[in-house]
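Take a look at the structure set out below.
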Amino acid sequence: MTATLAPAASDDSGLFGWWRVAAPHSRKALIAASLGWALDAFDVMLFSLTLSAVIAELGLTKTQAGALGSITLLGGAVGGLIFGHVADRYGRTRAMMASVLLYSVFTALCGLSQTFWQFAAFRALLGLGMGGEWASGAALVSETWPAKHRGRALGYMQSSWAIGFAAAAMVVGYVLPRYGWRAVFFVGILPAFFVLWLRGSVEEPEAWRAMQRVRLAGGAAARASGSVLDIFRGKMLGLTSIVTFMNACALFGWWGLNGWVPAYLSLPTTQGGIGLSTEKMSWLVAFMQVGMWLGYVTFGYVTDVMSRKRVYVFYLLMASLLLPLYGSMTNPMILLFLGPLVAFFGTGFFSGFGGVTAEIYPTAFRASAQGFTYNIGRIASAAAPFTVGKLATSMGFQVAFAVAGSAYLLSAMSWAGIPETRGRELQ
C-alpha cells in the first residue's frame, strides 16, 4: 500500500523550495512534530542542566544521578513502545497530545521531589511521554511528505531538539541562580498548552486514515495489512535487530555526552569538573546547540541527494573521534568552539533514523516499528548516564567520554547490515 501525498508543485528549487511547494497539511504536520520534539527536549534536558544543583541539595552521588538519567531513558523506551501502538491504532496526533501532556505534568512534579526515589518515579513517568512523542511525530512527518523531500523535513523536525535544548539552557541560566532548581522544573509545565493548538489544527495523515478504513472494512484486506509482529518474521527479524543495535550504540554515545556535559562544565574541580558558574555553563551548552541544529538540518539536505548510509557512517565516525577529544579538554575557550563540532557530528545523524525506518516498514505498523527500533535501542542506551557517572567517579571524565565515543564507532560498524533506502516510496 502506498501513502497518498499531495502532489508537489514543479518549482522546488532553492534552499526552501521544498517548503514552498508543500501542501498546507504537510506544513502543519511538520510544525506540530517539530514543536512537540522541541518542547520534549526542553523538559527532558532540564535535569541535566540542573544536575550539579540537584546533587548538592539532595546529597546524591554521581552514580545515583546517573541512575536518574538511566531511569528516564527506560521510561522513554516503554513510552515509545506504548505510544507507537497507540499512534498506529488511534492516530498520530492523538498519541502526540497524550505524550506531551505526560512529559509536561511530570516535569513540573520533579520540582516537588524531596528524595531520590520521588525523583526517580517522576522521571520514569516523564520518560513515558518523551518516548511517545518521537514515535508519533516521526510517523506523522514521514507520512505527509514525499520521498523527494522527506529527509530534509525529518531533518528540520529533528533539529528542533537543539532549539528546545538551547531554550532550556537559557531558562536554567536565568531561573536557577535566582529561584533555585525547583522553579526550573515548574517552568516545564508550559508545553502542556501546546496540546490546545495541536488538538484543533493538525489532521491525521491520509496514509493512516486509509489504513483505518481497511481495518474497519475487515476481511482479507485487513488481514493482508499485517501486524507489528511482522517486524520479527523472516528477513525482517535480522534487519530489525541490526537497526535496533545501531540505534542503541548511537544513543549510548549521545546520552553519555549530553547527559553529563553540563555537570562536567559546572562541577567543582575537586569532583572532576571544570568549575564554571551556572551562567557560563548555560552559555557553553547553548552555543553547543548551534552545532547540533546545523548537524540535524545539514544531514537532512545531504541525504536527500546522497547515500543515507554513507553520510550516516561518516557522521558516526567523526563523533567517535571528537567526543574523547572533548573529554580531554578543560580550557573553556577551547570547549566553546569544540562543543558545536562535537554536537554537529554526534547528533546530526538522528535526522536520518526516522526516514530509514519509515522507508523500511509499512503504514500498518510503521509507528510501532519506529517506536520499537528507537526505544529498545534506548533501553540499551539507558546504561549510558549510569556508566558515564560511575566511570567519571572512578576514572575521570576523560575515560568516561572515551567509552561513550567507542559506542559511536560500534554504531558506524553496524551499518554494514543496513540497506540504502534513499528515494523509496512508503509502503
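Residue names in the C-alpha cells use chain letters A, B, ... in the order shown, residue numbers from 1 in each chain, and ligand numbers from 1 in the order shown.
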Which residues of segment 313-366 of chain A sit at most 8 Å from segment 247-263 of chain A, using only C-alpha atoms? Give each one's shortest atom pair and distance in Å (one decimal place), in chain and ascending residue order, as CSV.
```
residue,atom,partner,partner_atom,distance
A:Leu316,CA,A:Ala250,CA,7.8
A:Leu323,CA,A:Leu257,CA,7.5
A:Gly346,CA,A:Trp254,CA,6.6
A:Thr347,CA,A:Trp254,CA,6.8
```
Write out the residues from the selection above, keeping N, CA and C atoms, as a CSV table (one decimal), in the first residue's frame.
```csv
chain,number,residue,atom,x,y,z
A,316,LEU,N,29.0,9.3,12.3
A,316,LEU,CA,29.3,8.5,13.4
A,316,LEU,C,30.8,8.3,13.7
A,323,LEU,N,34.4,13.1,20.5
A,323,LEU,CA,33.9,13.0,21.8
A,323,LEU,C,35.0,12.8,22.9
A,346,GLY,N,27.9,14.4,16.4
A,346,GLY,CA,27.4,13.5,17.4
A,346,GLY,C,25.9,13.4,17.6
A,347,THR,N,25.2,14.3,16.9
A,347,THR,CA,23.7,14.3,16.9
A,347,THR,C,23.0,14.4,15.6
```
Residues of segment 78-318 of chain A in alpha helix (DSSP H) according to DSSP, as a ChimeraX atom specification?
-> /A:78-90,92-110,116-142,147-179,181-187,194-201,206-217,219-224,235-258,261-266,278-302,308-318
All residues 8 Å or closer to Gly300 of chain A, only C-alpha atoms, same chain fewer than 2 positions away omitted, as a list of chain:residue names = A:Gly151, A:Arg152, A:Ala153, A:Leu154, A:Gly155, A:Tyr156, A:Tyr296, A:Val297, A:Thr298, A:Val302, A:Thr303, A:Asp304, A:Ser351, A:Gly352
Residues at most 7 Å from Ser368 of chain A, counting only C-alpha atoms, excluding those fewer than 2 positions away in the same chain, as a PyMOL selection string?
-> chain A and resi 81+84-85+88+228+365-366+370-372
Preceding selection exported with N, CA and C atoms as a PDB file, in the first residue's frame:
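Output file result.pdb is given in full below:
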```pdb
ATOM      1  N   LEU A  81       7.306   2.311  23.018  1.00  0.00           N
ATOM      2  CA  LEU A  81       6.609   1.087  22.635  1.00  0.00           C
ATOM      3  C   LEU A  81       5.095   1.243  22.790  1.00  0.00           C
ATOM      4  N   GLY A  84       3.819   4.047  20.304  1.00  0.00           N
ATOM      5  CA  GLY A  84       3.899   3.605  18.920  1.00  0.00           C
ATOM      6  C   GLY A  84       2.645   2.824  18.546  1.00  0.00           C
ATOM      7  N   HIS A  85       2.225   1.941  19.451  1.00  0.00           N
ATOM      8  CA  HIS A  85       0.988   1.180  19.224  1.00  0.00           C
ATOM      9  C   HIS A  85      -0.232   2.093  19.241  1.00  0.00           C
ATOM     10  N   ASP A  88      -0.486   3.928  15.980  1.00  0.00           N
ATOM     11  CA  ASP A  88      -0.967   3.085  14.879  1.00  0.00           C
ATOM     12  C   ASP A  88      -2.465   2.805  14.986  1.00  0.00           C
ATOM     13  N   VAL A 228       2.258  -5.706  13.786  1.00  0.00           N
ATOM     14  CA  VAL A 228       3.579  -5.309  14.255  1.00  0.00           C
ATOM     15  C   VAL A 228       4.506  -6.508  14.439  1.00  0.00           C
ATOM     16  N   PHE A 365       2.048  -0.770  10.535  1.00  0.00           N
ATOM     17  CA  PHE A 365       2.733  -0.832  11.826  1.00  0.00           C
ATOM     18  C   PHE A 365       3.999   0.029  11.821  1.00  0.00           C
ATOM     19  N   ARG A 366       3.985   1.108  11.026  1.00  0.00           N
ATOM     20  CA  ARG A 366       5.177   1.957  10.917  1.00  0.00           C
ATOM     21  C   ARG A 366       5.542   2.603  12.255  1.00  0.00           C
ATOM     22  N   GLN A 370       8.872   1.922  14.331  1.00  0.00           N
ATOM     23  CA  GLN A 370       9.788   3.006  14.664  1.00  0.00           C
ATOM     24  C   GLN A 370       9.945   3.134  16.174  1.00  0.00           C
ATOM     25  N   GLY A 371       8.835   3.001  16.887  1.00  0.00           N
ATOM     26  CA  GLY A 371       8.899   3.057  18.341  1.00  0.00           C
ATOM     27  C   GLY A 371       9.747   1.940  18.908  1.00  0.00           C
ATOM     28  N   PHE A 372       9.642   0.735  18.321  1.00  0.00           N
ATOM     29  CA  PHE A 372      10.417  -0.408  18.812  1.00  0.00           C
ATOM     30  C   PHE A 372      11.904  -0.219  18.555  1.00  0.00           C
TER      31      PHE A 372
END
```
Find the spatial neighbours of Val342 of chain A, counting only C-alpha atoms, within a cut-off of 7 Å - ignore same-chain residues fewer than 3 positions away - and output them as a VMD selection string.
-> chain A and resid 319 322 to 323 338 to 339 345 to 346
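Shortest atom-to-atom contact with Ala53 of chain A among A:Ala65, A:Leu101, A:Val195, A:Ala29: A:Ala65, counting only C-alpha atoms.
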If you count only C-alpha atoms, which residues fall within 12 Å of Leu341 of chain A, apart from same-chain ones fewer than 2 positions away, as JSON, numbers by chain?
-> {"A": [287, 288, 289, 290, 291, 292, 293, 294, 295, 315, 318, 319, 321, 322, 323, 325, 326, 334, 335, 336, 337, 338, 339, 343, 344, 345, 346, 347, 348]}
Closest of A:Met211, A:Leu410, A:Ala392, A:Met170 to Gly273 of chain A - atom-to-atom distances counting only C-alpha atoms |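 The closest residue to Gly273 of chain A is A:Ala392.
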From the list A:Gly36, A:Gly91, A:Pro24, A:Gly377, the nearest residue to Trp145 of chain A using only C-alpha atoms is A:Pro24
Closest of A:Pro205, A:Pro362, A:Gly405, A:Gly188 to Leu140 of chain A, counting only C-alpha atoms, is A:Pro205
Got a sec: who's within 12 Å of Val86 of chain A, counting only C-alpha atoms, leaving out chain neighbours fewer than 6 positions off, as a PyMOL selection string?
-> chain A and resi 79-80+92-99+132-133+135-136+139+365-368+371
Which residues of segment 348-417 of chain A come within 10 Å of segment 233-239 of chain A, and what is each one's closest atom pair and distance in Å (one decimal), counting only C-alpha atoms, sorted by chain and residue number, as a Markdown table?
```
| residue | atom | partner | partner_atom | distance |
| --- | --- | --- | --- | --- |
| A:Ile360 | CA | A:Leu239 | CA | 9.1 |
| A:Tyr361 | CA | A:Met236 | CA | 9.2 |
| A:Gly417 | CA | A:Leu239 | CA | 7.4 |
```
Rank nothing, just name the residue among A:Ala23, A:Val141, A:Ala369, A:Ala407 nearest to Thr240 of chain A, using only C-alpha atoms.
->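 Looking only at the distances to Thr240 of chain A, the closest residue turns out to be A:Ala369.
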Rank A:Gly137, A:Gly275, A:Thr270, A:Thr61 by their smallest atom-to-atom distance to Leu198 of chain A, using only C-alpha atoms, and report the top residue only.
-> A:Gly137
